[in-house]
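S.K.: Below: one structure in structure tokens.
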Amino acid sequence: MNKITTKKLLPCPVAVLLQIVGTRWKILIVKELLTGTKRFSELKKAVVCSQKVLTSNLRELEADSIISRKVYAQIPPKVEYSLTNTGKTLEPIVKDMAKWGEYYQKLCNENSD
């Protein structure tokens with residue numbers, strides 16, 4: 001198996017998942033890229049955070065081989081982001097998180113009546 005990160009991984013598998021995509025920004029970036037390749041501006045609109053935060057999270061996801069970045073040699077510069085094969089394996093996790101979020105929203109709405 002190829003070594004895809006130079007990070008010291010935690011011993012618990014759940015902790016490893018959180019170590020790689022455990023911020024709200026990273027998981028939202030992954031969620032957006034599950035629908036296909038996106039340019040930086042598209043991600044900026046979908047993941048409402050500062051440019052600095054988005055850039056930082058994109059770099060970390062790229063370093064961890066979750067996303068790939070393709071730069072086109074043109075003016076103005078064009079950069080596209082997409083999920084790697086490893087990143088695509090997060091799809092069932094993101095879907096389960098969405099299901100749980102819907103369940104919890106419903107539960108909270110029922111209890112607020």
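Simple scheme: letters A, B, ... for chains in structure tokens order, numbers from 1 for residues in each chain, numbers from 1 for ligands in the order shown.
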Could you give me, as a list in words, the residues within 6 Å of segment 79-85 of chain A, counting only C-alpha atoms and dropping anything in the same chain fewer than 2 positions from it?
M.R.: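 Using only C-alpha atoms, the neighbours found are Leu33, Thr37, Lys38, Arg39, Ile66, Ile67, Ser68, Arg69, Lys70, Val71, Gly87 and Lys88 of chain A.
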S.K.: Restricted to all heavy atoms, what would the selected residues look like written as an mmCIF file, in the first residue's frame?
M.R.:
```
data_model
loop_
_atom_site.group_PDB
_atom_site.id
_atom_site.type_symbol
_atom_site.label_atom_id
_atom_site.label_comp_id
_atom_site.auth_asym_id
_atom_site.auth_seq_id
_atom_site.Cartn_x
_atom_site.Cartn_y
_atom_site.Cartn_z
ATOM 1 N N LEU A 33 -17.642 18.153 -3.716
ATOM 2 C CA LEU A 33 -16.898 17.494 -4.791
ATOM 3 C C LEU A 33 -17.470 16.129 -5.161
ATOM 4 O O LEU A 33 -17.143 15.591 -6.220
ATOM 5 C CB LEU A 33 -15.421 17.387 -4.426
ATOM 6 C CG LEU A 33 -14.680 18.726 -4.371
ATOM 7 C CD1 LEU A 33 -13.252 18.535 -3.895
ATOM 8 C CD2 LEU A 33 -14.710 19.434 -5.718
ATOM 9 N N THR A 37 -16.234 17.722 -10.391
ATOM 10 C CA THR A 37 -15.126 18.665 -10.354
ATOM 11 C C THR A 37 -15.651 20.083 -10.195
ATOM 12 O O THR A 37 -16.665 20.448 -10.797
ATOM 13 C CB THR A 37 -14.299 18.542 -11.642
ATOM 14 O OG1 THR A 37 -13.799 17.197 -11.721
ATOM 15 C CG2 THR A 37 -13.134 19.513 -11.670
ATOM 16 N N LYS A 38 -14.961 20.877 -9.366
ATOM 17 C CA LYS A 38 -15.378 22.261 -9.113
ATOM 18 C C LYS A 38 -14.174 23.185 -9.193
ATOM 19 O O LYS A 38 -13.062 22.813 -8.854
ATOM 20 C CB LYS A 38 -15.978 22.402 -7.709
ATOM 21 C CG LYS A 38 -17.197 21.547 -7.424
ATOM 22 C CD LYS A 38 -18.444 22.191 -7.914
ATOM 23 C CE LYS A 38 -19.709 21.496 -7.462
ATOM 24 N NZ LYS A 38 -19.888 20.147 -7.875
ATOM 25 N N ARG A 39 -14.442 24.405 -9.620
ATOM 26 C CA ARG A 39 -13.433 25.461 -9.586
ATOM 27 C C ARG A 39 -13.455 26.087 -8.195
ATOM 28 O O ARG A 39 -14.414 25.935 -7.438
ATOM 29 C CB ARG A 39 -13.718 26.505 -10.659
ATOM 30 C CG ARG A 39 -13.518 25.929 -12.060
ATOM 31 C CD ARG A 39 -13.721 26.930 -13.128
ATOM 32 N NE ARG A 39 -12.655 27.938 -13.054
ATOM 33 C CZ ARG A 39 -12.506 28.903 -13.936
ATOM 34 N NH1 ARG A 39 -13.333 29.014 -14.943
ATOM 35 N NH2 ARG A 39 -11.531 29.777 -13.806
ATOM 36 N N ILE A 66 -6.906 13.250 -0.640
ATOM 37 C CA ILE A 66 -8.370 13.158 -0.681
ATOM 38 C C ILE A 66 -8.889 13.876 -1.927
ATOM 39 O O ILE A 66 -9.860 13.443 -2.539
ATOM 40 C CB ILE A 66 -8.999 13.755 0.599
ATOM 41 C CG1 ILE A 66 -8.474 13.044 1.853
ATOM 42 C CG2 ILE A 66 -10.526 13.720 0.539
ATOM 43 C CD1 ILE A 66 -8.739 11.554 1.910
ATOM 44 N N ILE A 67 -8.237 14.961 -2.298
ATOM 45 C CA ILE A 67 -8.616 15.694 -3.503
ATOM 46 C C ILE A 67 -7.388 15.871 -4.396
ATOM 47 O O ILE A 67 -6.250 15.749 -3.932
ATOM 48 C CB ILE A 67 -9.235 17.075 -3.195
ATOM 49 C CG1 ILE A 67 -8.212 18.011 -2.539
ATOM 50 C CG2 ILE A 67 -10.493 16.934 -2.344
ATOM 51 C CD1 ILE A 67 -8.686 19.456 -2.437
ATOM 52 N N SER A 68 -7.660 16.154 -5.653
ATOM 53 C CA SER A 68 -6.576 16.501 -6.569
ATOM 54 C C SER A 68 -6.857 17.899 -7.111
ATOM 55 O O SER A 68 -8.006 18.331 -7.203
ATOM 56 C CB SER A 68 -6.453 15.491 -7.705
ATOM 57 O OG SER A 68 -7.619 15.488 -8.486
ATOM 58 N N ARG A 69 -5.789 18.568 -7.463
ATOM 59 C CA ARG A 69 -5.848 19.944 -7.951
ATOM 60 C C ARG A 69 -5.219 19.973 -9.327
ATOM 61 O O ARG A 69 -4.088 19.514 -9.508
ATOM 62 C CB ARG A 69 -5.081 20.829 -6.968
ATOM 63 C CG ARG A 69 -4.966 22.261 -7.319
ATOM 64 C CD ARG A 69 -4.209 22.959 -6.166
ATOM 65 N NE ARG A 69 -4.084 24.366 -6.418
ATOM 66 C CZ ARG A 69 -3.000 24.969 -6.888
ATOM 67 N NH1 ARG A 69 -1.922 24.247 -7.150
ATOM 68 N NH2 ARG A 69 -2.973 26.254 -7.080
ATOM 69 N N LYS A 70 -5.970 20.501 -10.290
ATOM 70 C CA LYS A 70 -5.446 20.599 -11.653
ATOM 71 C C LYS A 70 -5.373 22.067 -12.034
ATOM 72 O O LYS A 70 -6.373 22.785 -11.968
ATOM 73 C CB LYS A 70 -6.341 19.846 -12.633
ATOM 74 C CG LYS A 70 -5.794 19.826 -14.030
ATOM 75 C CD LYS A 70 -6.595 18.924 -14.935
ATOM 76 C CE LYS A 70 -5.957 18.894 -16.312
ATOM 77 N NZ LYS A 70 -6.682 18.035 -17.234
ATOM 78 N N VAL A 71 -4.163 22.502 -12.397
ATOM 79 C CA VAL A 71 -3.929 23.899 -12.779
ATOM 80 C C VAL A 71 -3.778 23.955 -14.296
ATOM 81 O O VAL A 71 -2.982 23.210 -14.873
ATOM 82 C CB VAL A 71 -2.664 24.461 -12.095
ATOM 83 C CG1 VAL A 71 -2.441 25.907 -12.500
ATOM 84 C CG2 VAL A 71 -2.755 24.318 -10.588
ATOM 85 N N GLY A 87 -10.672 9.781 -2.012
ATOM 86 C CA GLY A 87 -11.697 10.732 -1.602
ATOM 87 C C GLY A 87 -13.095 10.241 -1.902
ATOM 88 O O GLY A 87 -14.035 10.455 -1.114
ATOM 89 N N LYS A 88 -13.263 9.561 -3.030
ATOM 90 C CA LYS A 88 -14.586 9.050 -3.416
ATOM 91 C C LYS A 88 -15.103 7.999 -2.444
ATOM 92 O O LYS A 88 -16.308 7.808 -2.318
ATOM 93 C CB LYS A 88 -14.542 8.490 -4.838
ATOM 94 C CG LYS A 88 -14.388 9.566 -5.889
ATOM 95 C CD LYS A 88 -14.221 8.975 -7.281
ATOM 96 C CE LYS A 88 -13.946 10.079 -8.296
ATOM 97 N NZ LYS A 88 -13.623 9.544 -9.626
#
```
S.K.: To test your reading of the structure, identify every residue in chain A that backbone DSSP assigns to strand (DSSP E or B), and report it as a PyMOL selection string.
M.R.: chain A and resi 38-39+67-72+78-83
S.K.: Here is a test: counting only C-alpha atoms, which residue of A:Leu43, A:Ser50, A:Leu61, A:Leu10 is nearest to Lys26 of chain A?
M.R.: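 Residue with the minimum atom-to-atom distance to Lys26 of chain A: A:Leu61.
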S.K.: What is the atom CA of Ala63 of chain A-atom CA of Thr86 of chain A distance in Å, reported with one decimal?
M.R.: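 Calculated distance between atom CA of Ala63 of chain A and atom CA of Thr86 of chain A is 12.3 Å.
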